[in-house]
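Asker: Sharing a structure below in structure tokens format, with a few things to ask.
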Amino acid sequence: MSESLGPDIYTESQTLSALLSAISYGVVISLYLLCCHSLLNGRNNYSARKKGFFLSYATILLSLSTIAVVEDTRSLLINTYFDEIFFSVPSAAVIPCGIWAADIFMMWRCVVLYQGSSKVTRIILFSVIVLLLLASIVSGSISLVAQMGDFEESMSFYFLILISISFVVNVTLSLMIFVQIRRHQRNIVQVLGSSYGALYTRIIILFVESCGLIAIWNLGCMISFVLSFTGLQIFLTLFPHILALSPLFVVYRVAHGMEVTTTIEASDLRFVSGVSPTTSQGL
């Protein structure tokens, strides 16, 4: 490992991390611009309020990604060229805030998906969501305090707890979203025929990929922490951009109208006899 990276492993790793961070930031900017274009000029029926929400949310994600790449550049300059840089950014808050932004967005989408469910199901869902939200907020707050305060010895431990809880949150949300959309897919196929099941398959892939991307990155960070892997810095450096890209991808597809609700031409309907239509609105 040391021969491949050179004598100064930390500097080599930091340089590579900064380069990958800049590339990832370029992808974030591109996806952000696509989201803005689709929301403002795309063919969708969203209200001005909903468009404003998505634009504000996407801008927050871009801001967190921007802070991350600026801090990466600043750290690289300090360790290679300068002893001190005249500017600083609140980088300690980037990952906790990014996790909150991504998790809360997917929690909201999960709640919307379960709107038409029974009262008992919604109560169970609400309880699970509240527990996940509290766990995310508490772990993120503790990690943030540890980073901003003088708790260097315990900071890694608290940060490990944060990404572990984020992993659990995203896996749980992926399963809940998969189960609900799969149920709607089964109902639609029974009513309209198998040709209409493909839409729901794409939506399942969309949401599961979104949560799964963060979950896989969380898993990589946890393994790197436990094994003291040199590449941990790369995982952590790219993490803010992953937290931005994952929900931005969902926003972009939603802006294109790819939600569970869709417009079906009347001439294409093929009701299966003996089965009552079921609704899946608000998804």
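Every chain in the structure tokens takes a letter, A first, then B, and so on in the order presented; its residues are numbered from 1, and the ligands are numbered from 1 following the presented order.
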Enumerate, in order of chain and increasing residue number, the residues of range 63-120 of chain A with an atom no farther than 12 Å from range 241-255 of chain A, each with its shortest atom pair and distance in Å to one decimal, counting only C-alpha atoms, as a tab-separated table.
Answerer:
residue	atom	partner	partner_atom	distance
A:Ser63	CA	A:Ala244	CA	9.3
A:Leu64	CA	A:Ala244	CA	7.7
A:Ser65	CA	A:His241	CA	5.5
A:Thr66	CA	A:His241	CA	8.9
A:Ile67	CA	A:His241	CA	10.3
A:Ala68	CA	A:His241	CA	7.9
A:Val69	CA	A:His241	CA	8.7
A:Asp72	CA	A:His241	CA	11.8
A:Val94	CA	A:Leu243	CA	9.8
A:Ile95	CA	A:Leu243	CA	8.0
A:Pro96	CA	A:Leu243	CA	10.0
A:Cys97	CA	A:Leu243	CA	9.5
A:Gly98	CA	A:Leu243	CA	5.7
A:Ile99	CA	A:Leu243	CA	6.4
A:Trp100	CA	A:Leu243	CA	9.3
A:Ala101	CA	A:Leu243	CA	8.1
A:Ala102	CA	A:Pro247	CA	6.0
A:Asp103	CA	A:Pro247	CA	9.0
A:Ile104	CA	A:Pro247	CA	10.2
A:Phe105	CA	A:Pro247	CA	7.4
A:Met106	CA	A:Pro247	CA	7.8
A:Met107	CA	A:Pro247	CA	11.4
A:Trp108	CA	A:Pro247	CA	11.8
A:Arg109	CA	A:Val250	CA	10.1
Asker: By how many Å are CA of Gly26 in chain A and CA of Met222 in chain A apart?
Answerer: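 Taking CA of Gly26 in chain A as the start and CA of Met222 in chain A as the end point, the length is 26.2 Å.
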Asker: Could you jot down the CA of Glu71 in chain A to CA of Glu12 in chain A separation for me, Å, one decimal place?
Answerer: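 Result for CA of Glu71 in chain A versus CA of Glu12 in chain A: 16.9 Å, one decimal.
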Asker: Hey, what's within 8 Å of range 15-17 of chain A if we count only C-alpha atoms and toss same-chain stuff fewer than 6 positions away? As a ChimeraX atom specification, please?
Answerer: /A:72,76,233-234,237-238
Asker: With only C-alpha atoms as the counted atoms, please give the residues lying no more than 7 Å from range 32-47 of chain A, apart from itself and same-chain residues fewer than 2 positions off, as a ChimeraX atom specification.
Answerer: /A:28-30,49-51,55,58,248,251-252,255-257
Asker: What's the separation between CA of Met176 in chain A and CA of Leu213 in chain A, in Å to one decimal place?
Answerer: 16.1 Å
Asker: Check the smallest atom-to-atom distance from each of A:Ile129, A:Ile78, A:Ile165, A:Ile123 to Ser143 in chain A using only C-alpha atoms, then report the winner.
Answerer: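 Distance minimum relative to Ser143 in chain A lands on A:Ile165.
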Asker: At a cut-off of 10 Å, using only C-alpha atoms, what residues contact Thr172 in chain A? Leave out same-chain residues fewer than 2 positions from it and give the result as a list in words.
Answerer: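 Close residues of Thr172 in chain A: Val128, Ile129, Leu132, Ser166, Phe167, Val168, Val169, Asn170, Ser174, Leu175, Met176, Ile177, Phe178, Cys211 and Ala215 of chain A.
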